>>> print(open('structure08.cif').read())   # mmCIF, C-alpha atoms
data_query
loop_
_atom_site.group_PDB
_atom_site.id
_atom_site.type_symbol
_atom_site.label_atom_id
_atom_site.label_comp_id
_atom_site.auth_asym_id
_atom_site.auth_seq_id
_atom_site.Cartn_x
_atom_site.Cartn_y
_atom_site.Cartn_z
ATOM 1 C CA MET Q 539 25.756 64.385 46.457
ATOM 2 C CA ALA Q 540 25.949 64.932 42.759
ATOM 3 C CA SER Q 541 25.776 68.474 41.506
ATOM 4 C CA ALA Q 542 23.084 69.672 39.186
ATOM 5 C CA ASN Q 543 25.574 69.975 36.293
ATOM 6 C CA ASP Q 544 26.992 66.473 36.717
ATOM 7 C CA PRO Q 545 27.264 65.015 33.175
ATOM 8 C CA PHE Q 546 26.970 61.450 34.533
ATOM 9 C CA GLN Q 547 23.719 62.128 36.316
ATOM 10 C CA PHE Q 548 20.740 60.127 35.031
ATOM 11 C CA GLN Q 549 18.539 62.222 32.817
ATOM 12 C CA GLU Q 550 14.824 61.648 32.501
ATOM 13 C CA PHE Q 551 13.280 61.081 29.096
ATOM 14 C CA GLU Q 552 11.085 64.106 29.561
ATOM 15 C CA GLU Q 553 14.228 66.299 29.415
ATOM 16 C CA ALA Q 554 15.291 64.652 26.166
ATOM 17 C CA ALA Q 555 11.859 65.247 24.771
ATOM 18 C CA SER Q 556 12.038 68.923 25.713
ATOM 19 C CA LEU Q 557 15.456 69.234 24.044
ATOM 20 C CA LEU Q 558 14.084 67.759 20.834
ATOM 21 C CA GLU Q 559 11.175 70.111 21.040
ATOM 22 C CA ALA Q 560 13.556 73.076 21.342
ATOM 23 C CA ASN Q 561 15.758 71.970 18.418
ATOM 24 C CA ARG Q 562 13.706 70.197 15.748
ATOM 25 C CA ASP Q 563 16.583 70.124 13.231
ATOM 26 C CA ALA Q 564 18.728 67.896 15.434
ATOM 27 C CA THR Q 565 19.787 64.504 14.064
ATOM 28 C CA THR Q 566 18.644 61.474 16.087
ATOM 29 C CA ILE Q 567 19.880 57.884 15.986
ATOM 30 C CA THR Q 568 17.590 54.980 16.872
ATOM 31 C CA ILE Q 569 19.088 51.633 17.906
ATOM 32 C CA ASP Q 570 16.632 48.845 17.108
ATOM 33 C CA ASP Q 571 16.808 45.203 18.064
ATOM 34 C CA GLU Q 572 17.531 42.879 15.177
ATOM 35 C CA ASP Q 573 14.467 40.796 15.999
ATOM 36 C CA ASN Q 574 12.219 43.862 15.755
ATOM 37 C CA LYS Q 575 13.432 44.964 12.319
ATOM 38 C CA PRO Q 576 11.011 44.637 9.472
ATOM 39 C CA GLU Q 577 11.529 41.744 7.095
ATOM 40 C CA LYS Q 578 12.638 43.992 4.213
ATOM 41 C CA GLN Q 579 15.273 45.762 6.353
ATOM 42 C CA ARG Q 580 16.738 42.440 7.515
ATOM 43 C CA ILE Q 581 16.935 41.162 3.953
ATOM 44 C CA ALA Q 582 18.619 44.416 2.858
ATOM 45 C CA ALA Q 583 21.078 44.078 5.711
ATOM 46 C CA GLY Q 584 22.044 40.562 4.574
ATOM 47 C CA PHE Q 585 19.817 38.479 6.815
ATOM 48 C CA THR Q 586 17.906 35.766 4.947
ATOM 49 C CA PRO Q 587 14.777 34.190 6.447
ATOM 50 C CA ASP Q 588 15.695 30.656 5.356
ATOM 51 C CA ASP Q 589 16.792 29.535 8.797
ATOM 52 C CA ASP Q 590 13.662 30.918 10.389
ATOM 53 C CA ASP Q 591 11.494 29.190 7.814
ATOM 54 C CA GLU Q 592 13.268 25.880 8.384
ATOM 55 C CA ASP Q 593 12.834 26.230 12.138
ATOM 56 C CA ARG Q 594 9.182 27.039 11.637
ATOM 57 C CA LEU Q 595 8.672 24.006 9.409
ATOM 58 C CA ALA Q 596 10.529 21.801 11.866
ATOM 59 C CA SER Q 597 8.388 23.046 14.708
ATOM 60 C CA ASP Q 598 5.254 22.392 12.650
ATOM 61 C CA ASP Q 599 6.391 18.824 11.896
ATOM 62 C CA LYS Q 600 7.210 18.271 15.546
ATOM 63 C CA ALA Q 601 3.833 19.580 16.621
ATOM 64 C CA GLU Q 602 2.139 17.343 14.039
ATOM 65 C CA LEU Q 603 4.093 14.333 15.281
ATOM 66 C CA LEU Q 604 3.308 15.021 18.925
ATOM 67 C CA SER Q 605 -0.357 15.545 18.244
ATOM 68 C CA GLY Q 606 -0.576 12.188 16.407
ATOM 69 C CA GLN Q 607 -2.138 13.688 13.304
ATOM 70 C CA LYS Q 608 -1.018 12.489 9.877
ATOM 71 C CA LYS Q 609 -1.152 14.428 6.684
ATOM 72 C CA SER Q 610 -4.082 13.183 4.633
ATOM 73 C CA VAL Q 611 -3.244 12.194 1.069
ATOM 74 C CA PRO Q 612 -5.368 10.396 -1.571
ATOM 75 C CA PHE Q 613 -5.312 6.596 -1.346
ATOM 76 C CA TRP Q 614 -4.329 6.190 -5.010
ATOM 77 C CA THR Q 615 -0.984 7.944 -4.493
ATOM 78 C CA PHE Q 616 2.293 6.262 -3.627
ATOM 79 C CA GLU Q 617 2.724 8.541 -0.606
ATOM 80 C CA TYR Q 618 -0.416 7.125 0.968
ATOM 81 C CA TYR Q 619 0.968 3.564 1.057
ATOM 82 C CA GLN Q 620 4.506 4.685 1.877
ATOM 83 C CA GLN Q 621 3.443 5.677 5.384
ATOM 84 C CA PHE Q 622 2.415 2.072 6.138
ATOM 85 C CA PHE Q 623 5.962 0.837 5.468
ATOM 86 C CA ASP Q 624 7.558 3.382 7.799
ATOM 87 C CA ILE Q 625 7.837 1.292 10.959
ATOM 88 C CA GLU Q 626 10.559 0.371 13.428
ATOM 89 C CA THR Q 627 11.944 -3.161 13.527
ATOM 90 C CA HIS Q 628 11.150 -3.671 17.203
ATOM 91 C CA HIS Q 629 7.499 -2.823 16.536
ATOM 92 C CA VAL Q 630 7.321 -5.553 13.871
ATOM 93 C CA LYS Q 631 8.955 -7.984 16.295
ATOM 94 C CA GLU Q 632 6.458 -7.158 19.028
ATOM 95 C CA ARG Q 633 3.546 -7.655 16.675
ATOM 96 C CA ILE Q 634 4.837 -11.004 15.428
ATOM 97 C CA ILE Q 635 5.321 -12.238 18.990
ATOM 98 C CA GLY Q 636 1.870 -10.953 19.916
ATOM 99 C CA SER Q 637 0.299 -12.878 17.032
ATOM 100 C CA VAL Q 638 2.192 -16.094 17.763
ATOM 101 C CA VAL Q 639 1.604 -15.989 21.526
ATOM 102 C CA PRO Q 640 -1.810 -14.348 22.015
ATOM 103 C CA TRP Q 641 -2.946 -13.428 25.515
ATOM 104 C CA PRO Q 642 -6.568 -13.863 26.615
ATOM 105 C CA ARG Q 643 -8.771 -10.760 26.540
ATOM 106 C CA LYS Q 644 -6.148 -8.725 24.707
ATOM 107 C CA ASN Q 645 -7.192 -7.041 21.500
ATOM 108 C CA PHE Q 646 -4.373 -7.168 18.954
ATOM 109 C CA ILE Q 647 -5.336 -3.814 17.435
ATOM 110 C CA HIS Q 648 -5.553 -1.973 20.749
ATOM 111 C CA VAL Q 649 -2.444 -3.515 22.292
ATOM 112 C CA TYR Q 650 0.003 -3.682 19.368
ATOM 113 C CA LEU Q 651 -1.259 -1.517 16.516
ATOM 114 C CA ARG Q 652 -2.410 1.490 18.567
ATOM 115 C CA ARG Q 653 -4.007 3.137 15.511
ATOM 116 C CA ASN Q 654 -0.735 2.770 13.612
ATOM 117 C CA PRO Q 655 -1.154 -0.193 11.225
ATOM 118 C CA ASP Q 656 1.605 -1.212 8.852
ATOM 119 C CA LEU Q 657 1.894 -3.234 5.671
ATOM 120 C CA TYR Q 658 5.578 -4.057 5.985
ATOM 121 C CA GLY Q 659 5.086 -6.951 8.391
ATOM 122 C CA PRO Q 660 2.032 -8.495 6.674
ATOM 123 C CA PHE Q 661 3.646 -8.254 3.225
ATOM 124 C CA TRP Q 662 6.830 -10.055 4.233
ATOM 125 C CA ILE Q 663 4.967 -12.596 6.350
ATOM 126 C CA CYS Q 664 2.768 -13.517 3.374
ATOM 127 C CA THR Q 665 5.763 -13.597 1.018
ATOM 128 C CA THR Q 666 7.760 -15.788 3.401
ATOM 129 C CA LEU Q 667 4.806 -18.118 3.855
ATOM 130 C CA VAL Q 668 4.382 -18.470 0.076
ATOM 131 C CA PHE Q 669 7.986 -19.548 -0.478
ATOM 132 C CA ALA Q 670 7.940 -21.706 2.661
ATOM 133 C CA ILE Q 671 4.906 -23.639 1.382
ATOM 134 C CA ALA Q 672 6.321 -24.029 -2.131
ATOM 135 C CA ILE Q 673 9.805 -25.105 -1.010
ATOM 136 C CA SER Q 674 8.555 -27.387 1.758
ATOM 137 C CA GLY Q 675 6.026 -28.962 -0.613
ATOM 138 C CA ASN Q 676 8.750 -29.768 -3.145
ATOM 139 C CA ILE Q 677 11.007 -31.236 -0.464
ATOM 140 C CA SER Q 678 8.138 -33.284 0.967
ATOM 141 C CA THR Q 679 7.299 -34.710 -2.455
ATOM 142 C CA PHE Q 680 10.956 -35.560 -3.058
ATOM 143 C CA LEU Q 681 11.292 -37.358 0.280
ATOM 144 C CA GLY Q 682 8.004 -39.225 -0.202
ATOM 145 C CA LYS Q 683 8.977 -40.628 -3.610
ATOM 146 C CA LEU Q 684 12.679 -41.023 -3.018
ATOM 147 C CA GLY Q 685 12.609 -44.849 -2.924
ATOM 148 C CA GLN Q 686 10.651 -45.356 -6.127
ATOM 149 C CA PRO Q 687 12.849 -46.667 -8.972
ATOM 150 C CA ASP Q 688 10.954 -44.863 -11.754
ATOM 151 C CA TYR Q 689 10.808 -41.504 -9.950
ATOM 152 C CA LYS Q 690 12.777 -38.579 -11.325
ATOM 153 C CA TYR Q 691 12.725 -35.346 -9.352
ATOM 154 C CA THR Q 692 11.626 -32.217 -11.179
ATOM 155 C CA PRO Q 693 11.039 -28.977 -9.250
ATOM 156 C CA GLU Q 694 7.448 -27.762 -9.377
ATOM 157 C CA PHE Q 695 7.707 -24.004 -9.741
ATOM 158 C CA GLY Q 696 3.980 -23.770 -10.353
ATOM 159 C CA LYS Q 697 3.440 -24.279 -6.629
ATOM 160 C CA VAL Q 698 4.842 -20.811 -5.972
ATOM 161 C CA THR Q 699 2.149 -19.221 -8.131
ATOM 162 C CA ILE Q 700 -0.631 -21.278 -6.586
ATOM 163 C CA ALA Q 701 0.575 -20.584 -3.047
ATOM 164 C CA ALA Q 702 0.912 -16.849 -3.751
ATOM 165 C CA THR Q 703 -2.615 -16.705 -5.169
ATOM 166 C CA ALA Q 704 -4.094 -18.503 -2.172
ATOM 167 C CA ILE Q 705 -2.182 -16.604 0.528
ATOM 168 C CA PHE Q 706 -2.511 -13.087 -0.861
ATOM 169 C CA SER Q 707 -6.154 -13.611 -1.815
ATOM 170 C CA TYR Q 708 -6.893 -14.657 1.750
ATOM 171 C CA ALA Q 709 -4.852 -11.784 3.218
ATOM 172 C CA TRP Q 710 -6.556 -9.128 1.050
ATOM 173 C CA LEU Q 711 -10.000 -10.284 -0.070
ATOM 174 C CA VAL Q 712 -11.168 -11.656 3.275
ATOM 175 C CA PRO Q 713 -10.251 -8.438 5.158
ATOM 176 C CA LEU Q 714 -11.967 -6.433 2.419
ATOM 177 C CA ALA Q 715 -15.164 -8.442 2.796
ATOM 178 C CA LEU Q 716 -15.009 -8.269 6.589
ATOM 179 C CA TRP Q 717 -14.399 -4.517 6.540
ATOM 180 C CA GLY Q 718 -17.380 -3.965 4.248
ATOM 181 C CA PHE Q 719 -19.564 -6.172 6.428
ATOM 182 C CA LEU Q 720 -18.590 -4.395 9.658
ATOM 183 C CA LEU Q 721 -19.149 -1.037 7.983
ATOM 184 C CA TRP Q 722 -22.598 -2.133 6.875
ATOM 185 C CA ARG Q 723 -23.494 -3.437 10.334
ATOM 186 C CA ASN Q 724 -22.273 -0.237 11.916
ATOM 187 C CA ASN Q 725 -24.791 1.670 9.798
ATOM 188 C CA LYS Q 726 -27.537 -0.743 10.824
ATOM 189 C CA ALA Q 727 -26.697 -0.931 14.528
ATOM 190 C CA MET Q 728 -25.141 2.073 16.196
ATOM 191 C CA ASN Q 729 -22.427 2.104 18.903
ATOM 192 C CA LEU Q 730 -20.446 -0.730 17.334
ATOM 193 C CA VAL Q 731 -16.652 -0.850 17.347
ATOM 194 C CA THR Q 732 -15.257 -0.144 13.900
ATOM 195 C CA TYR Q 733 -11.832 -0.871 12.438
ATOM 196 C CA SER Q 734 -10.205 0.618 9.393
ATOM 197 C CA PHE Q 735 -9.403 -1.462 6.313
ATOM 198 C CA MET Q 736 -5.650 -1.213 6.959
ATOM 199 C CA GLU Q 737 -6.068 -2.372 10.553
ATOM 200 C CA ILE Q 738 -7.984 -5.472 9.450
ATOM 201 C CA ILE Q 739 -5.360 -6.283 6.791
ATOM 202 C CA CYS Q 740 -2.625 -5.845 9.386
ATOM 203 C CA VAL Q 741 -4.320 -8.257 11.795
ATOM 204 C CA TYR Q 742 -4.851 -10.902 9.115
ATOM 205 C CA GLY Q 743 -1.278 -10.555 7.883
ATOM 206 C CA TYR Q 744 0.287 -11.002 11.305
ATOM 207 C CA SER Q 745 -2.079 -13.872 12.164
ATOM 208 C CA LEU Q 746 -0.406 -15.927 9.399
ATOM 209 C CA ALA Q 747 3.018 -15.754 11.083
ATOM 210 C CA ILE Q 748 2.387 -18.926 13.122
ATOM 211 C CA TYR Q 749 1.987 -20.969 9.926
ATOM 212 C CA ILE Q 750 5.589 -20.385 8.838
ATOM 213 C CA PRO Q 751 7.194 -22.693 11.464
ATOM 214 C CA ALA Q 752 4.277 -25.117 11.096
ATOM 215 C CA VAL Q 753 4.880 -25.440 7.346
ATOM 216 C CA PHE Q 754 8.482 -26.507 7.863
ATOM 217 C CA LEU Q 755 7.260 -29.296 10.143
ATOM 218 C CA TRP Q 756 5.118 -30.584 7.277
ATOM 219 C CA ILE Q 757 8.299 -31.637 5.463
ATOM 220 C CA LEU Q 758 8.584 -34.640 7.756
ATOM 221 C CA PRO Q 759 6.563 -37.589 6.370
ATOM 222 C CA TYR Q 760 4.444 -38.063 9.496
ATOM 223 C CA GLU Q 761 0.745 -37.387 9.121
ATOM 224 C CA TRP Q 762 0.124 -37.170 12.860
ATOM 225 C CA LEU Q 763 2.777 -34.462 13.176
ATOM 226 C CA ARG Q 764 1.312 -32.490 10.308
ATOM 227 C CA TRP Q 765 -2.215 -32.540 11.683
ATOM 228 C CA CYS Q 766 -1.035 -31.690 15.192
ATOM 229 C CA SER Q 767 0.894 -28.680 13.910
ATOM 230 C CA ILE Q 768 -2.168 -27.614 11.898
ATOM 231 C CA MET Q 769 -4.381 -27.758 14.985
ATOM 232 C CA VAL Q 770 -1.917 -25.754 17.077
ATOM 233 C CA ALA Q 771 -1.501 -23.122 14.353
ATOM 234 C CA LEU Q 772 -5.266 -22.928 13.859
ATOM 235 C CA CYS Q 773 -5.883 -22.382 17.559
ATOM 236 C CA LEU Q 774 -3.265 -19.634 17.868
ATOM 237 C CA SER Q 775 -4.122 -17.863 14.629
ATOM 238 C CA GLY Q 776 -7.863 -18.182 15.132
ATOM 239 C CA SER Q 777 -7.697 -16.913 18.718
ATOM 240 C CA VAL Q 778 -5.961 -13.724 17.526
ATOM 241 C CA LEU Q 779 -8.713 -13.095 14.987
ATOM 242 C CA VAL Q 780 -11.582 -13.958 17.332
ATOM 243 C CA MET Q 781 -10.315 -11.838 20.246
ATOM 244 C CA THR Q 782 -9.664 -8.922 17.900
ATOM 245 C CA PHE Q 783 -13.016 -8.862 16.107
ATOM 246 C CA TRP Q 784 -15.194 -9.948 19.011
ATOM 247 C CA PRO Q 785 -15.604 -6.349 20.317
ATOM 248 C CA ALA Q 786 -16.802 -5.285 16.850
ATOM 249 C CA VAL Q 787 -19.800 -7.675 16.867
ATOM 250 C CA ARG Q 788 -20.528 -8.479 20.522
ATOM 251 C CA ASP Q 789 -23.294 -5.868 20.725
ATOM 252 C CA ASP Q 790 -24.931 -7.027 17.497
ATOM 253 C CA HIS Q 791 -27.676 -9.599 16.981
ATOM 254 C CA PRO Q 792 -26.755 -13.110 18.274
ATOM 255 C CA LYS Q 793 -27.194 -14.668 14.842
ATOM 256 C CA VAL Q 794 -24.864 -12.082 13.311
ATOM 257 C CA ILE Q 795 -22.290 -12.757 16.035
ATOM 258 C CA ILE Q 796 -22.343 -16.522 15.433
ATOM 259 C CA ALA Q 797 -22.232 -16.164 11.647
ATOM 260 C CA THR Q 798 -19.344 -13.662 11.715
ATOM 261 C CA MET Q 799 -17.178 -15.563 14.174
ATOM 262 C CA SER Q 800 -17.876 -18.859 12.392
ATOM 263 C CA ALA Q 801 -16.921 -17.378 9.018
ATOM 264 C CA ILE Q 802 -13.646 -16.032 10.420
ATOM 265 C CA VAL Q 803 -12.685 -19.393 11.926
ATOM 266 C CA VAL Q 804 -13.862 -21.518 8.973
ATOM 267 C CA LEU Q 805 -12.004 -19.450 6.361
ATOM 268 C CA ASN Q 806 -8.831 -19.645 8.438
ATOM 269 C CA ALA Q 807 -9.216 -23.415 8.725
ATOM 270 C CA LEU Q 808 -9.898 -23.816 4.998
ATOM 271 C CA LEU Q 809 -6.663 -22.016 4.155
ATOM 272 C CA ALA Q 810 -4.572 -24.216 6.456
ATOM 273 C CA VAL Q 811 -6.203 -27.525 5.544
ATOM 274 C CA GLY Q 812 -6.269 -26.680 1.841
ATOM 275 C CA CYS Q 813 -2.551 -25.890 1.771
ATOM 276 C CA LYS Q 814 -1.762 -29.084 3.627
ATOM 277 C CA VAL Q 815 -3.867 -31.317 1.369
ATOM 278 C CA TYR Q 816 -2.729 -29.730 -1.912
ATOM 279 C CA PHE Q 817 0.985 -29.187 -1.286
ATOM 280 C CA PHE Q 818 1.723 -32.036 1.130
ATOM 281 C CA SER Q 819 0.288 -35.314 -0.073
ATOM 282 C CA LYS Q 820 0.099 -38.367 2.143
ATOM 283 C CA PRO Q 821 3.320 -40.409 2.044
ATOM 284 C CA GLU Q 822 3.040 -43.454 -0.188
ATOM 285 C CA LYS Q 823 3.986 -46.852 1.170
ATOM 286 C CA LEU Q 824 6.280 -48.854 -1.127
ATOM 287 C CA LEU Q 825 5.532 -52.535 -1.640
ATOM 288 C CA PRO Q 826 8.439 -54.939 -1.111
ATOM 289 C CA VAL Q 827 9.999 -56.318 -4.273
ATOM 290 C CA GLU Q 828 9.387 -59.973 -3.287
ATOM 291 C CA HIS Q 829 5.635 -59.341 -3.019
ATOM 292 C CA ALA Q 830 5.427 -57.462 -6.295
ATOM 293 C CA ALA Q 831 7.075 -60.223 -8.412
ATOM 294 C CA PRO Q 832 4.610 -63.094 -7.651
ATOM 295 C CA THR Q 833 1.697 -60.785 -8.362
ATOM 296 C CA THR Q 834 3.042 -60.086 -11.835
ATOM 297 C CA HIS Q 835 3.724 -63.783 -12.468
ATOM 298 C CA SER Q 836 0.267 -64.860 -11.386
ATOM 299 C CA ALA Q 837 -1.367 -62.225 -13.564
ATOM 300 C CA ALA Q 838 0.573 -63.492 -16.601
ATOM 301 C CA THR Q 839 -0.436 -67.137 -15.864
ATOM 302 C CA HIS Q 840 -4.091 -66.163 -15.542
ATOM 303 C CA SER Q 841 -4.083 -64.372 -18.882
ATOM 304 C CA THR Q 842 -2.526 -67.437 -20.554
#
>>> encode(input="structure08.cif", output="structure tokens")
Amino acid sequence: MASANDPFQFQEFEEAASLLEANRDATTITIDDEDNKPEKQRIAAGFTPDDDDEDRLASDDKAELLSGQKKSVPFWTFEYYQQFFDIETHHVKERIIGSVVPWPRKNFIHVYLRRNPDLYGPFWICTTLVFAIAISGNISTFLGKLGQPDYKYTPEFGKVTIAATAIFSYAWLVPLALWGFLLWRNNKAMNLVTYSFMEIICVYGYSLAIYIPAVFLWILPYEWLRWCSIMVALCLSGSVLVMTFWPAVRDDHPKVIIATMSAIVVLNALLAVGCKVYFFSKPEKLLPVEHAAPTTHSAATHST
């Protein structure tokens, strides 16, 4: 048993308090934890709060990312559009495959976009389609007139401008009109599905991906092949648009449903058929030389 004067015996805090009460002039030392020090004392001791601030900012960014909330910025700033080009390559690949091979009863926005539209894929799809139409149209014209003796090939660079105007006008103006119409109908009839402007642009941009391989088939001088590829591309591209925007109008008036779906399909068909007719003319059949000579001779005899 320890004696009462054992220096190693545990002393209660009440005894220390009584000692301080007896001798008020005694010097005391307090050992504080570094985490409990005031901010000014830690700065005076050489501790800077930069690391803590960085950790706090990192945790805030992580919490914002996990919660799915994005920082709202004005639409006229570059930062607003920069977020739509921040996308992984495999996401773009999935969306292209989903637009080329659509599945029945699958909404493209709900399945592939998931409230995260991008402009990277639609921009490059439209740009690729513009150059594909212009280059393929020049090659098709060259192959169609290759056997003519008085034909001299000159590249038609004006087709690039015309193709760019047609493609980008369709990819931007049609979604803008559709977005305004759906917004107006949502104010007229409640409980309708609404899509954002960027989501509609994204759907229209990816729906044009199927036309890129179809355009390269139009180089071959076979009209049946061209029209078959147009029909296949129209069915695939139109099905993506119809299945995506059907939930937005299915609860509306029947006449509005028919008019909206018809406008979506007709505008898509006009773009495809218009590009085919303007950039890829029907191959001309050359007359044999032996049939052309008597015709000229007979015309000269008749005039005499």
>>> residues_around(input="structure08.cif", residues="Thr732 (chain Q)", least_positions_apart="3", cutoff="10 Å", atoms="all atoms listed in the file", output="ChimeraX atom specification")
/Q:717,720-721,723-724,729,735,783,785-787
>>> write_last_selection(input="structure08.cif", atoms="C-alpha atoms", output="compact mmCIF listing (two decimals), keeping the file's coordinate frame")
# COMPACT_ATOMS: atom_id res chain seq x y z
CA TRP Q 717 -14.40 -4.52 6.54
CA LEU Q 720 -18.59 -4.39 9.66
CA LEU Q 721 -19.15 -1.04 7.98
CA ARG Q 723 -23.49 -3.44 10.33
CA ASN Q 724 -22.27 -0.24 11.92
CA ASN Q 729 -22.43 2.10 18.90
CA PHE Q 735 -9.40 -1.46 6.31
CA PHE Q 783 -13.02 -8.86 16.11
CA PRO Q 785 -15.60 -6.35 20.32
CA ALA Q 786 -16.80 -5.28 16.85
CA VAL Q 787 -19.80 -7.68 16.87
>>> closest_residue(input="structure08.cif", among="Q:Phe754, Q:Asp789, Q:Leu716, Q:Met736", to="Ala801 (chain Q)", atoms="only C-alpha atoms")
Q:Leu716
>>> resolve_selection(input="structure08.cif", expression="the PyMOL selection byres ((chain Q and resi 626-635) around 10)", output="PDB file with C-alpha atoms, in the coordinates of the input")
ATOM      1  CA  PHE Q 623       5.962   0.837   5.468  1.00  0.00           C
ATOM      2  CA  ASP Q 624       7.558   3.382   7.799  1.00  0.00           C
ATOM      3  CA  ILE Q 625       7.837   1.292  10.959  1.00  0.00           C
ATOM      4  CA  GLY Q 636       1.870 -10.953  19.916  1.00  0.00           C
ATOM      5  CA  SER Q 637       0.299 -12.878  17.032  1.00  0.00           C
ATOM      6  CA  VAL Q 638       2.192 -16.094  17.763  1.00  0.00           C
ATOM      7  CA  VAL Q 639       1.604 -15.989  21.526  1.00  0.00           C
ATOM      8  CA  PRO Q 640      -1.810 -14.348  22.015  1.00  0.00           C
ATOM      9  CA  PHE Q 646      -4.373  -7.168  18.954  1.00  0.00           C
ATOM     10  CA  ILE Q 647      -5.336  -3.814  17.435  1.00  0.00           C
ATOM     11  CA  VAL Q 649      -2.444  -3.515  22.292  1.00  0.00           C
ATOM     12  CA  TYR Q 650       0.003  -3.682  19.368  1.00  0.00           C
ATOM     13  CA  LEU Q 651      -1.259  -1.517  16.516  1.00  0.00           C
ATOM     14  CA  ASP Q 656       1.605  -1.212   8.852  1.00  0.00           C
ATOM     15  CA  TYR Q 658       5.578  -4.057   5.985  1.00  0.00           C
ATOM     16  CA  GLY Q 659       5.086  -6.951   8.391  1.00  0.00           C
ATOM     17  CA  PRO Q 660       2.032  -8.495   6.674  1.00  0.00           C
ATOM     18  CA  ILE Q 663       4.967 -12.596   6.350  1.00  0.00           C
ATOM     19  CA  CYS Q 740      -2.625  -5.845   9.386  1.00  0.00           C
ATOM     20  CA  VAL Q 741      -4.320  -8.257  11.795  1.00  0.00           C
ATOM     21  CA  GLY Q 743      -1.278 -10.555   7.883  1.00  0.00           C
ATOM     22  CA  TYR Q 744       0.287 -11.002  11.305  1.00  0.00           C
ATOM     23  CA  SER Q 745      -2.079 -13.872  12.164  1.00  0.00           C
ATOM     24  CA  LEU Q 746      -0.406 -15.927   9.399  1.00  0.00           C
ATOM     25  CA  ALA Q 747       3.018 -15.754  11.083  1.00  0.00           C
ATOM     26  CA  ILE Q 748       2.387 -18.926  13.122  1.00  0.00           C
TER      27      ILE Q 748
END
>>> closest_residue(input="structure08.cif", among="Q:Val780, Q:Ser734, Q:Phe817, Q:Pro759", to="Phe669 (chain Q)", atoms="only C-alpha atoms")
Q:Phe817
>>> residues_around(input="structure08.cif", residues="region 708-710 of chain Q", least_positions_apart="2", cutoff="7 Å", atoms="only C-alpha atoms", output="JSON, numbers by chain")
{"Q": [704, 705, 706, 712, 713, 714, 739, 742, 743]}
>>> write_last_selection(input="structure08.cif", atoms="C-alpha atoms", output="short mmCIF file (atom, residue, chain, number, x, y, z; two decimals), keeping the file's coordinate frame")
data_model
loop_
_atom_site.label_atom_id
_atom_site.label_comp_id
_atom_site.auth_asym_id
_atom_site.auth_seq_id
_atom_site.Cartn_x
_atom_site.Cartn_y
_atom_site.Cartn_z
CA ALA Q 704 -4.09 -18.50 -2.17
CA ILE Q 705 -2.18 -16.60 0.53
CA PHE Q 706 -2.51 -13.09 -0.86
CA VAL Q 712 -11.17 -11.66 3.28
CA PRO Q 713 -10.25 -8.44 5.16
CA LEU Q 714 -11.97 -6.43 2.42
CA ILE Q 739 -5.36 -6.28 6.79
CA TYR Q 742 -4.85 -10.90 9.12
CA GLY Q 743 -1.28 -10.56 7.88
#
>>> closest_residue(input="structure08.cif", among="Q:Leu667, Q:Ala752, Q:Ile802, Q:Ala672", to="Met769 (chain Q)", atoms="all atoms listed in the file")
Q:Ala752
